[in-house]
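Enquirer: One file is attached below, final.cif, containing mmCIF, C-alpha atoms and all ligand atoms.
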data_coords
#
loop_
_atom_site.group_PDB
_atom_site.id
_atom_site.type_symbol
_atom_site.label_atom_id
_atom_site.label_comp_id
_atom_site.auth_asym_id
_atom_site.auth_seq_id
_atom_site.Cartn_x
_atom_site.Cartn_y
_atom_site.Cartn_z
ATOM 1 C CA MET Y 319 -41.831 36.908 20.485
ATOM 2 C CA THR Y 320 -44.825 38.861 21.405
ATOM 3 C CA VAL Y 321 -46.018 42.274 20.456
ATOM 4 C CA PHE Y 322 -43.670 45.222 20.316
ATOM 5 C CA THR Y 323 -46.006 47.865 21.629
ATOM 6 C CA PRO Y 324 -45.049 51.521 21.548
ATOM 7 C CA THR Y 325 -44.801 51.515 25.356
ATOM 8 C CA PHE Y 326 -42.542 48.527 25.216
ATOM 9 C CA ALA Y 327 -40.454 50.185 22.533
ATOM 10 C CA ALA Y 328 -40.102 53.374 24.472
ATOM 11 C CA LYS Y 329 -38.991 51.500 27.566
ATOM 12 C CA ARG Y 330 -36.544 49.287 25.805
ATOM 13 C CA ALA Y 331 -35.262 51.089 22.771
ATOM 14 C CA ALA Y 332 -32.413 52.636 24.687
ATOM 15 C CA LYS Y 333 -30.878 49.260 25.426
ATOM 16 C CA THR Y 334 -28.368 47.639 23.178
ATOM 17 C CA PHE Y 335 -29.969 45.528 20.517
ATOM 18 C CA ARG Y 336 -28.189 43.379 18.013
ATOM 19 C CA ASN Y 337 -30.544 44.002 15.147
ATOM 20 C CA GLY Y 338 -30.356 47.634 14.143
ATOM 21 C CA LEU Y 339 -33.275 47.248 11.778
ATOM 22 C CA VAL Y 340 -35.623 46.112 14.495
ATOM 23 C CA LEU Y 341 -34.292 48.858 16.728
ATOM 24 C CA SER Y 342 -35.210 51.445 14.136
ATOM 25 C CA LEU Y 343 -38.647 49.839 13.860
ATOM 26 C CA LEU Y 344 -39.042 50.000 17.604
ATOM 27 C CA ALA Y 345 -38.069 53.645 17.605
ATOM 28 C CA ALA Y 346 -40.528 54.300 14.798
ATOM 29 C CA ALA Y 347 -43.245 52.391 16.637
ATOM 30 C CA SER Y 348 -42.730 54.552 19.682
ATOM 31 C CA PHE Y 349 -43.636 57.582 17.574
ATOM 32 C CA GLY Y 350 -46.747 55.838 16.301
ATOM 33 C CA ALA Y 351 -45.504 55.096 12.799
ATOM 34 C CA PHE Y 352 -43.754 52.181 11.161
ATOM 35 C CA ALA Y 353 -40.560 52.840 9.278
ATOM 36 C CA ALA Y 354 -40.366 51.063 5.939
ATOM 37 C CA PRO Y 355 -38.417 47.898 6.709
ATOM 38 C CA SER Y 356 -35.637 46.701 4.506
ATOM 39 C CA TYR Y 357 -35.703 43.003 3.817
ATOM 40 C CA GLN Y 358 -32.912 40.501 3.759
ATOM 41 C CA SER Y 359 -33.872 37.515 1.630
ATOM 42 C CA THR Y 360 -31.704 34.424 1.380
ATOM 43 C CA GLU Y 361 -32.392 31.609 -1.071
ATOM 44 C CA LEU Y 362 -31.929 28.368 0.903
ATOM 45 C CA ALA Y 363 -32.979 26.034 -1.913
ATOM 46 C CA PRO Y 364 -34.407 26.670 -5.388
ATOM 47 C CA GLY Y 365 -37.437 28.907 -4.879
ATOM 48 C CA LEU Y 366 -37.251 28.712 -1.086
ATOM 49 C CA TYR Y 367 -36.304 31.866 0.794
ATOM 50 C CA MET Y 368 -35.774 32.994 4.339
ATOM 51 C CA ILE Y 369 -36.894 36.618 4.660
ATOM 52 C CA SER Y 370 -35.998 38.858 7.583
ATOM 53 C CA GLY Y 371 -37.590 42.257 7.979
ATOM 54 C CA SER Y 372 -39.866 43.387 10.758
ATOM 55 C CA GLY Y 373 -41.320 40.799 13.115
ATOM 56 C CA GLY Y 374 -40.641 37.083 12.926
ATOM 57 C CA ASN Y 375 -38.598 35.495 10.166
ATOM 58 C CA VAL Y 376 -40.595 34.350 7.161
ATOM 59 C CA ALA Y 377 -40.134 31.367 4.838
ATOM 60 C CA PHE Y 378 -41.384 31.785 1.286
ATOM 61 C CA TYR Y 379 -41.588 28.983 -1.245
ATOM 62 C CA ALA Y 380 -42.476 29.929 -4.803
ATOM 63 C CA ASN Y 381 -42.786 27.238 -7.448
ATOM 64 C CA GLY Y 382 -44.645 29.127 -10.160
ATOM 65 C CA ASN Y 383 -48.034 27.967 -8.938
ATOM 66 C CA ALA Y 384 -49.516 28.403 -5.521
ATOM 67 C CA SER Y 385 -46.809 29.829 -3.292
ATOM 68 C CA LEU Y 386 -46.423 29.076 0.380
ATOM 69 C CA LEU Y 387 -45.618 31.544 3.118
ATOM 70 C CA VAL Y 388 -44.692 30.718 6.691
ATOM 71 C CA ASP Y 389 -45.706 33.637 8.948
ATOM 72 C CA ALA Y 390 -46.907 37.069 7.959
ATOM 73 C CA GLN Y 391 -45.203 39.604 10.247
ATOM 74 C CA TYR Y 392 -47.077 42.883 10.906
ATOM 75 C CA ALA Y 393 -50.124 44.293 9.108
ATOM 76 C CA GLU Y 394 -48.398 47.676 8.892
ATOM 77 C CA THR Y 395 -45.509 46.238 6.898
ATOM 78 C CA ALA Y 396 -47.456 43.597 4.923
ATOM 79 C CA PRO Y 397 -47.537 45.702 1.724
ATOM 80 C CA GLN Y 398 -43.752 45.996 1.824
ATOM 81 C CA LEU Y 399 -43.397 42.278 2.429
ATOM 82 C CA GLN Y 400 -45.743 41.668 -0.504
ATOM 83 C CA ALA Y 401 -43.484 43.809 -2.658
ATOM 84 C CA GLU Y 402 -40.481 41.784 -1.524
ATOM 85 C CA LEU Y 403 -42.265 38.527 -2.458
ATOM 86 C CA ALA Y 404 -43.067 39.995 -5.877
ATOM 87 C CA ARG Y 405 -39.413 40.910 -6.322
ATOM 88 C CA LEU Y 406 -38.383 37.319 -5.539
ATOM 89 C CA ALA Y 407 -40.960 35.469 -7.635
ATOM 90 C CA LYS Y 408 -43.002 36.262 -10.760
ATOM 91 C CA ASP Y 409 -46.125 34.648 -9.352
ATOM 92 C CA SER Y 410 -45.992 35.515 -5.701
ATOM 93 C CA LYS Y 411 -49.662 35.015 -4.936
ATOM 94 C CA ILE Y 412 -49.930 33.014 -1.738
ATOM 95 C CA GLY Y 413 -51.899 29.779 -1.930
ATOM 96 C CA THR Y 414 -51.030 28.596 1.565
ATOM 97 C CA LEU Y 415 -50.099 30.661 4.596
ATOM 98 C CA VAL Y 416 -48.869 28.778 7.653
ATOM 99 C CA ASN Y 417 -48.642 30.382 11.103
ATOM 100 C CA THR Y 418 -46.006 29.065 13.519
ATOM 101 C CA HIS Y 419 -47.978 30.472 16.498
ATOM 102 C CA PHE Y 420 -50.398 33.244 17.421
ATOM 103 C CA HIS Y 421 -48.088 36.141 18.378
ATOM 104 C CA LYS Y 422 -48.760 39.384 16.562
ATOM 105 C CA ASP Y 423 -45.339 39.690 14.923
ATOM 106 C CA HIS Y 424 -46.076 36.396 13.090
ATOM 107 C CA VAL Y 425 -49.803 36.664 12.260
ATOM 108 C CA ASP Y 426 -50.766 40.327 12.107
ATOM 109 C CA GLY Y 427 -50.234 40.435 8.325
ATOM 110 C CA ASN Y 428 -52.492 37.401 7.742
ATOM 111 C CA ALA Y 429 -55.481 39.352 6.436
ATOM 112 C CA ILE Y 430 -53.349 41.025 3.758
ATOM 113 C CA LEU Y 431 -50.873 38.314 2.799
ATOM 114 C CA GLY Y 432 -53.296 35.420 3.247
ATOM 115 C CA GLN Y 433 -56.103 36.941 1.222
ATOM 116 C CA GLY Y 434 -57.693 34.081 -0.751
ATOM 117 C CA ALA Y 435 -55.195 31.600 0.686
ATOM 118 C CA THR Y 436 -55.652 28.601 2.902
ATOM 119 C CA ILE Y 437 -54.372 29.746 6.289
ATOM 120 C CA ILE Y 438 -53.164 26.821 8.374
ATOM 121 C CA ALA Y 439 -52.349 26.866 12.091
ATOM 122 C CA HIS Y 440 -52.501 25.022 15.389
ATOM 123 C CA PRO Y 441 -56.089 24.838 16.717
ATOM 124 C CA ASN Y 442 -55.095 27.039 19.662
ATOM 125 C CA THR Y 443 -53.817 29.752 17.294
ATOM 126 C CA SER Y 444 -57.285 29.859 15.838
ATOM 127 C CA LYS Y 445 -58.850 29.949 19.303
ATOM 128 C CA ARG Y 446 -56.595 32.698 20.606
ATOM 129 C CA LEU Y 447 -56.916 34.889 17.490
ATOM 130 C CA ASN Y 448 -60.689 34.449 17.548
ATOM 131 C CA ALA Y 449 -60.721 35.700 21.127
ATOM 132 C CA ASP Y 450 -58.476 38.697 20.316
ATOM 133 C CA ALA Y 451 -60.700 41.707 19.670
ATOM 134 C CA LYS Y 452 -57.834 43.562 17.974
ATOM 135 C CA PHE Y 453 -57.061 40.819 15.464
ATOM 136 C CA ASN Y 454 -58.415 41.376 11.934
ATOM 137 C CA LYS Y 455 -60.735 38.384 11.597
ATOM 138 C CA ALA Y 456 -60.188 38.270 7.826
ATOM 139 C CA GLY Y 457 -56.835 36.738 8.735
ATOM 140 C CA LEU Y 458 -58.152 33.882 10.867
ATOM 141 C CA PRO Y 459 -56.867 30.401 10.048
ATOM 142 C CA THR Y 460 -59.148 28.591 7.614
ATOM 143 C CA LYS Y 461 -57.749 25.207 8.520
ATOM 144 C CA THR Y 462 -56.291 23.827 11.730
ATOM 145 C CA ILE Y 463 -54.213 20.709 12.114
ATOM 146 C CA SER Y 464 -53.215 18.551 15.010
ATOM 147 C CA ALA Y 465 -50.155 16.309 14.921
ATOM 148 C CA THR Y 466 -48.540 16.197 11.474
ATOM 149 C CA GLU Y 467 -49.699 17.028 7.991
ATOM 150 C CA THR Y 468 -47.724 16.905 4.754
ATOM 151 C CA LEU Y 469 -48.448 19.289 1.886
ATOM 152 C CA THR Y 470 -47.113 18.497 -1.553
ATOM 153 C CA LEU Y 471 -46.273 21.705 -3.395
ATOM 154 C CA GLY Y 472 -44.357 21.437 -6.636
ATOM 155 C CA GLN Y 473 -41.087 19.676 -5.864
ATOM 156 C CA GLN Y 474 -41.463 20.079 -2.128
ATOM 157 C CA ASN Y 475 -42.949 18.048 0.668
ATOM 158 C CA VAL Y 476 -43.843 20.526 3.356
ATOM 159 C CA VAL Y 477 -44.370 18.836 6.694
ATOM 160 C CA LEU Y 478 -46.340 20.793 9.279
ATOM 161 C CA GLN Y 479 -46.041 19.542 12.822
ATOM 162 C CA THR Y 480 -47.894 20.898 15.845
ATOM 163 C CA MET Y 481 -45.799 20.821 19.001
ATOM 164 C CA PRO Y 482 -46.667 20.320 22.665
ATOM 165 C CA ALA Y 483 -46.854 23.629 24.559
ATOM 166 C CA SER Y 484 -43.481 25.344 24.763
ATOM 167 C CA HIS Y 485 -43.107 28.955 23.477
ATOM 168 C CA THR Y 486 -46.923 29.153 23.710
ATOM 169 C CA ASP Y 487 -49.655 26.546 23.478
ATOM 170 C CA THR Y 488 -50.053 27.321 19.757
ATOM 171 C CA ASP Y 489 -46.695 26.184 18.361
ATOM 172 C CA LEU Y 490 -46.129 24.562 15.008
ATOM 173 C CA ILE Y 491 -42.922 23.887 13.050
ATOM 174 C CA VAL Y 492 -42.461 23.520 9.297
ATOM 175 C CA ARG Y 493 -40.041 21.187 7.516
ATOM 176 C CA PHE Y 494 -39.130 21.342 3.857
ATOM 177 C CA ASP Y 495 -38.121 17.713 3.807
ATOM 178 C CA LYS Y 496 -36.481 17.293 0.426
ATOM 179 C CA VAL Y 497 -34.145 20.249 0.847
ATOM 180 C CA ASN Y 498 -33.512 19.836 4.576
ATOM 181 C CA VAL Y 499 -34.794 23.219 5.719
ATOM 182 C CA LEU Y 500 -36.661 23.721 8.985
ATOM 183 C CA HIS Y 501 -38.608 26.760 10.217
ATOM 184 C CA MET Y 502 -38.878 26.585 14.014
ATOM 185 C CA GLY Y 503 -40.870 29.732 14.700
ATOM 186 C CA ASP Y 504 -40.224 31.043 18.204
ATOM 187 C CA LEU Y 505 -38.982 27.689 19.404
ATOM 188 C CA PHE Y 506 -35.649 29.182 18.392
ATOM 189 C CA PHE Y 507 -34.168 32.607 19.130
ATOM 190 C CA ALA Y 508 -30.734 32.755 17.525
ATOM 191 C CA ASP Y 509 -28.038 33.199 20.182
ATOM 192 C CA ARG Y 510 -30.279 35.072 22.592
ATOM 193 C CA PHE Y 511 -32.472 34.241 25.574
ATOM 194 C CA PRO Y 512 -35.849 32.997 24.352
ATOM 195 C CA PHE Y 513 -39.190 34.490 25.177
ATOM 196 C CA ILE Y 514 -41.326 31.781 26.754
ATOM 197 C CA ASP Y 515 -44.873 33.061 27.015
ATOM 198 C CA LEU Y 516 -45.971 31.491 30.291
ATOM 199 C CA LYS Y 517 -49.179 33.541 30.224
ATOM 200 C CA SER Y 518 -50.182 31.883 26.961
ATOM 201 C CA GLY Y 519 -49.612 28.278 27.911
ATOM 202 C CA GLY Y 520 -45.852 28.324 27.347
ATOM 203 C CA SER Y 521 -43.590 26.131 29.457
ATOM 204 C CA VAL Y 522 -39.848 26.003 30.081
ATOM 205 C CA ALA Y 523 -39.958 22.216 30.475
ATOM 206 C CA GLY Y 524 -42.003 21.927 27.297
ATOM 207 C CA TYR Y 525 -39.584 24.227 25.479
ATOM 208 C CA ILE Y 526 -36.615 22.070 26.462
ATOM 209 C CA ALA Y 527 -38.427 18.833 25.567
ATOM 210 C CA ASN Y 528 -39.356 20.172 22.126
ATOM 211 C CA LEU Y 529 -35.824 21.400 21.457
ATOM 212 C CA LYS Y 530 -34.459 17.950 22.290
ATOM 213 C CA GLN Y 531 -36.951 16.277 20.010
ATOM 214 C CA ILE Y 532 -36.191 18.669 17.157
ATOM 215 C CA LEU Y 533 -32.438 18.425 17.693
ATOM 216 C CA ALA Y 534 -32.657 14.641 17.297
ATOM 217 C CA SER Y 535 -34.374 15.129 13.937
ATOM 218 C CA VAL Y 536 -31.835 17.434 12.254
ATOM 219 C CA ASP Y 537 -28.358 16.847 10.871
ATOM 220 C CA GLU Y 538 -25.258 18.992 10.247
ATOM 221 C CA GLN Y 539 -26.623 20.123 6.871
ATOM 222 C CA THR Y 540 -30.056 21.215 8.083
ATOM 223 C CA LYS Y 541 -30.707 24.908 7.515
ATOM 224 C CA ILE Y 542 -32.715 26.157 10.469
ATOM 225 C CA ILE Y 543 -34.795 29.321 10.324
ATOM 226 C CA PRO Y 544 -35.239 30.705 13.851
ATOM 227 C CA GLY Y 545 -38.219 32.865 14.764
ATOM 228 C CA HIS Y 546 -35.796 35.731 15.323
ATOM 229 C CA GLY Y 547 -32.186 36.261 14.293
ATOM 230 C CA PRO Y 548 -30.025 34.951 11.476
ATOM 231 C CA LEU Y 549 -30.097 31.547 9.762
ATOM 232 C CA MET Y 550 -28.913 28.818 12.120
ATOM 233 C CA ASP Y 551 -27.781 25.197 12.004
ATOM 234 C CA LYS Y 552 -27.555 22.160 14.280
ATOM 235 C CA ALA Y 553 -24.559 23.603 16.138
ATOM 236 C CA GLY Y 554 -26.509 26.796 16.841
ATOM 237 C CA LEU Y 555 -29.507 24.826 18.064
ATOM 238 C CA THR Y 556 -27.274 22.701 20.292
ATOM 239 C CA ARG Y 557 -25.711 25.872 21.736
ATOM 240 C CA PHE Y 558 -29.182 27.300 22.397
ATOM 241 C CA LEU Y 559 -30.401 24.172 24.204
ATOM 242 C CA GLN Y 560 -27.209 23.988 26.288
ATOM 243 C CA MET Y 561 -27.611 27.622 27.323
ATOM 244 C CA ILE Y 562 -31.174 26.966 28.471
ATOM 245 C CA GLU Y 563 -30.269 23.822 30.386
ATOM 246 C CA GLN Y 564 -27.191 25.334 32.012
ATOM 247 C CA THR Y 565 -28.866 28.583 33.020
ATOM 248 C CA GLN Y 566 -31.782 26.556 34.339
ATOM 249 C CA ALA Y 567 -29.300 24.552 36.440
ATOM 250 C CA GLU Y 568 -27.750 27.774 37.797
ATOM 251 C CA VAL Y 569 -31.177 29.076 38.740
ATOM 252 C CA GLY Y 570 -32.003 25.690 40.282
ATOM 253 C CA GLN Y 571 -28.940 26.030 42.529
ATOM 254 C CA MET Y 572 -30.021 29.487 43.603
ATOM 255 C CA GLN Y 573 -33.499 28.172 44.379
ATOM 256 C CA ALA Y 574 -31.994 25.306 46.358
ATOM 257 C CA LYS Y 575 -30.089 27.872 48.440
ATOM 258 C CA GLY Y 576 -33.389 29.524 49.239
ATOM 259 C CA LEU Y 577 -32.916 32.633 47.084
ATOM 260 C CA ASP Y 578 -36.180 34.197 46.044
ATOM 261 C CA VAL Y 579 -36.483 35.513 42.528
ATOM 262 C CA ASP Y 580 -35.390 39.060 43.364
ATOM 263 C CA ALA Y 581 -32.301 37.777 45.142
ATOM 264 C CA ALA Y 582 -31.554 35.535 42.162
ATOM 265 C CA VAL Y 583 -31.872 38.499 39.800
ATOM 266 C CA LYS Y 584 -29.510 40.463 42.051
ATOM 267 C CA GLN Y 585 -26.958 37.650 42.064
ATOM 268 C CA GLY Y 586 -27.311 37.092 38.311
ATOM 269 C CA LEU Y 587 -26.170 34.275 36.066
ATOM 270 C CA SER Y 588 -22.513 33.503 35.475
ATOM 271 C CA ALA Y 589 -20.680 35.881 33.142
ATOM 272 C CA GLN Y 590 -20.627 33.501 30.177
ATOM 273 C CA TRP Y 591 -24.353 34.119 29.559
ATOM 274 C CA LYS Y 592 -24.201 37.927 29.405
ATOM 275 C CA LYS Y 593 -24.006 37.923 25.624
ATOM 276 C CA TRP Y 594 -27.371 36.123 25.323
ATOM 277 C CA SER Y 595 -29.147 39.120 26.828
ATOM 278 C CA TRP Y 596 -31.052 41.438 24.492
ATOM 279 C CA ASN Y 597 -33.522 44.253 24.837
ATOM 280 C CA PHE Y 598 -36.667 42.139 25.045
ATOM 281 C CA ILE Y 599 -35.431 39.219 27.133
ATOM 282 C CA ASN Y 600 -32.581 40.486 29.245
ATOM 283 C CA GLU Y 601 -30.930 38.435 31.982
ATOM 284 C CA GLU Y 602 -33.442 39.574 34.589
ATOM 285 C CA ARG Y 603 -36.427 38.568 32.498
ATOM 286 C CA TRP Y 604 -34.817 35.218 31.676
ATOM 287 C CA ILE Y 605 -34.197 34.481 35.367
ATOM 288 C CA ARG Y 606 -37.788 35.421 36.148
ATOM 289 C CA THR Y 607 -38.993 33.084 33.401
ATOM 290 C CA LEU Y 608 -36.904 30.262 34.855
ATOM 291 C CA TYR Y 609 -38.501 31.016 38.223
ATOM 292 C CA GLY Y 610 -41.863 30.633 36.539
ATOM 293 C CA GLN Y 611 -42.838 34.289 36.798
ATOM 294 C CA THR Y 612 -45.218 35.255 34.050
ATOM 295 C CA GLY Y 613 -44.277 38.908 33.956
ATOM 296 C CA LYS Y 614 -42.520 41.663 35.797
HETATM 297 ZN ZN ZN Y 701 -43.606 34.478 19.598
#
Any chance you could give the structure as structure tokens?
Expert:
Amino acid sequence: MTVFTPTFAAKRAAKTFRNGLVLSLLAAASFGAFAAPSYQSTELAPGLYMISGSGGNVAFYANGNASLLVDAQYAETAPQLQAELARLAKDSKIGTLVNTHFHKDHVDGNAILGQGATIIAHPNTSKRLNADAKFNKAGLPTKTISATETLTLGQQNVVLQTMPASHTDTDLIVRFDKVNVLHMGDLFFADRFPFIDLKSGGSVAGYIANLKQILASVDEQTKIIPGHGPLMDKAGLTRFLQMIEQTQAEVGQMQAKGLDVDAAVKQGLSAQWKKWSWNFINEERWIRTLYGQTGK
């Protein structure tokens, strides 16, 4: 997702949110300070962890040599994340930092966590961060890839794959091939409406196409790390794609009846989708996204 600004937090914090931790962070952000996040780290394979704290979910692979980190969350919480990495692994120094896309809650900690590391990203992540006056340039990617690149780290093959524009035009996914773990970045929001950043080259059609392609590449055992929310699997990804396609069809019917976007928002989606709403992308914002509106 994109940046949780204090204004955003203040506007939205009152709404129900499934993740209490993030809610407390939002509340803290609205008072201009970050609360110390607590981390939930799950070992998915030997030395490979999914870490949830503030911002996007992180993957951390430590093999005693050069460790690999996928995404860096916020600069404000990077020291705490560093401490969590040190708790998980004796040698937690990062040799390679991979960014799934350019949004702040995934890259803001780059300068701290990626110090001395190779920072790898989609070429457009590099472009967009370069153009962002607020981004700490010490955290810029040092290497960009197009298409697919495989890193061999210890026992792991780590396959980095840039994706056609979908969540943004900077998207990249990471597969840990030998242990069947996949980090999808913000191509996956667990059981909630996704944010599709149409202002940054994102595309609903592209999002659906990428989900289909990824779905065809996983099996029932694949452990899937979403950009936001708990660990998922193929069934969860299938559910997510079906929700997007079916809500898109509902919106298509409303469009065919001549409803403009405000009328569609007023009518709403069918009741079965209510539970996918959350503070950042509620039903209204999802309908507007499906109508191709870039913002409210
Ligand atoms: Zn994002």
Enquirer: Find the residues of region 357-386 of chain Y that sit at most 10 Å from region 549-559 of chain Y; for each, write down the nearest two atoms and how far apart they are in Å, to one decimal. Count all atoms listed in the file. Sort by chain, then by number going up, and give it as CSV.
Expert:
residue,atom,partner,partner_atom,distance
Y:Thr360,CA,Y:Leu549,CA,9.0
Y:Leu362,CA,Y:Leu549,CA,9.6
Y:Met368,CA,Y:Leu549,CA,8.0
Y:Ile369,CA,Y:Leu549,CA,9.9
Y:Ser370,CA,Y:Leu549,CA,9.6
Y:Asn375,CA,Y:Leu549,CA,9.4
Enquirer: Within 10 Å of ligand ZN 701 (chain Y), counting all atoms listed in the file: which residues, as a list of chain:residue names?
Expert: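 Counting all atoms listed in the file, the residues within 10 Å of ligand ZN 701 (chain Y) come out as Y:Met319, Y:Thr320, Y:Val321, Y:Gly373, Y:Gly374, Y:Thr418, Y:His419, Y:Phe420, Y:His421, Y:Lys422, Y:Asp423, Y:His424, Y:Val425, Y:His485, Y:Thr486, Y:Thr488, Y:Asp489, Y:Gly503, Y:Asp504, Y:Leu505, Y:Phe506, Y:Phe507, Y:Pro512, Y:Phe513, Y:Ile514, Y:Asp515, Y:Gly545, Y:His546.
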Enquirer: Between CA of Gly610 (chain Y) and CA of Pro548 (chain Y), measure the distance and give it in Å to one decimal.
Expert: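 Value for the CA of Gly610 (chain Y)-CA of Pro548 (chain Y) distance: 28.1 Å.
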Enquirer: Excluding Val583 (chain Y) and any residue of its chain fewer than 6 positions from it, enumerate the residues within 12 Å of it, using only C-alpha atoms, and give them as a list in words.
Expert: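 So the residues in contact are Glu568, Val569, Met572, Gln573, Leu577, Asn600, Glu601, Glu602, Arg603, Trp604, Ile605, Arg606, Thr607, Leu608, Tyr609 and Lys614 of chain Y.
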Enquirer: When the PyMOL selection byres (((chain Y and resi 563) around 12) and not hetatm) is applied to the structure above, which residues does it catch, written out as a list in words?
Expert: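 With the PyMOL selection byres (((chain Y and resi 563) around 12) and not hetatm) on this model, the match is Phe511, Val522, Ala523, Tyr525, Ile526, Ala527, Leu529, Lys530, Thr556, Arg557, Phe558, Leu559, Gln560, Met561, Ile562, Gln564, Thr565, Gln566, Ala567, Glu568, Val569, Gly570, Trp591 and Leu608 of chain Y.
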Enquirer: Suppose you want the space between CA of Thr470 (chain Y) and CA of Val497 (chain Y); what is it in Å?
Expert: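 Interatomic distance here is 13.3 Å.
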Enquirer: Name the residues that the PyMOL selection byres (((chain Y and resi 434) around 9) and not hetatm) pulls out of this structure, and write them as an MDAnalysis selection string.
Expert: chainID Y and resid 412:414 431:433 435:437
Enquirer: Apply the PyMOL selection byres (((chain Y and resi 386) around 7) and not hetatm) to the structure shown and report the selected residues as a list of chain:residue names.
Expert: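 So the PyMOL selection byres (((chain Y and resi 386) around 7) and not hetatm) ends up selecting Y:Phe378, Y:Tyr379, Y:Ala380, Y:Ala384, Y:Ser385, Y:Leu387, Y:Val388, Y:Ile412, Y:Gly413, Y:Thr414, Y:Leu415.
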Enquirer: Using C-alpha atoms, can you export the residues from the last selection as a PDB file, in the frame of the given file?
Expert:
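selection-v4.pdb, written as the output of this step:
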ATOM      1  CA  PHE Y 378     -41.384  31.785   1.286  1.00  0.00           C
ATOM      2  CA  TYR Y 379     -41.588  28.983  -1.245  1.00  0.00           C
ATOM      3  CA  ALA Y 380     -42.476  29.929  -4.803  1.00  0.00           C
ATOM      4  CA  ALA Y 384     -49.516  28.403  -5.521  1.00  0.00           C
ATOM      5  CA  SER Y 385     -46.809  29.829  -3.292  1.00  0.00           C
ATOM      6  CA  LEU Y 387     -45.618  31.544   3.118  1.00  0.00           C
ATOM      7  CA  VAL Y 388     -44.692  30.718   6.691  1.00  0.00           C
ATOM      8  CA  ILE Y 412     -49.930  33.014  -1.738  1.00  0.00           C
ATOM      9  CA  GLY Y 413     -51.899  29.779  -1.930  1.00  0.00           C
ATOM     10  CA  THR Y 414     -51.030  28.596   1.565  1.00  0.00           C
ATOM     11  CA  LEU Y 415     -50.099  30.661   4.596  1.00  0.00           C
TER      12      LEU Y 415
END
Enquirer: Figure out the distance between CA of Thr443 (chain Y) and CA of Gly519 (chain Y), please, to one decimal in Å.
Expert: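 Going from CA of Gly519 (chain Y) over to CA of Thr443 (chain Y), I get 11.5 Å.
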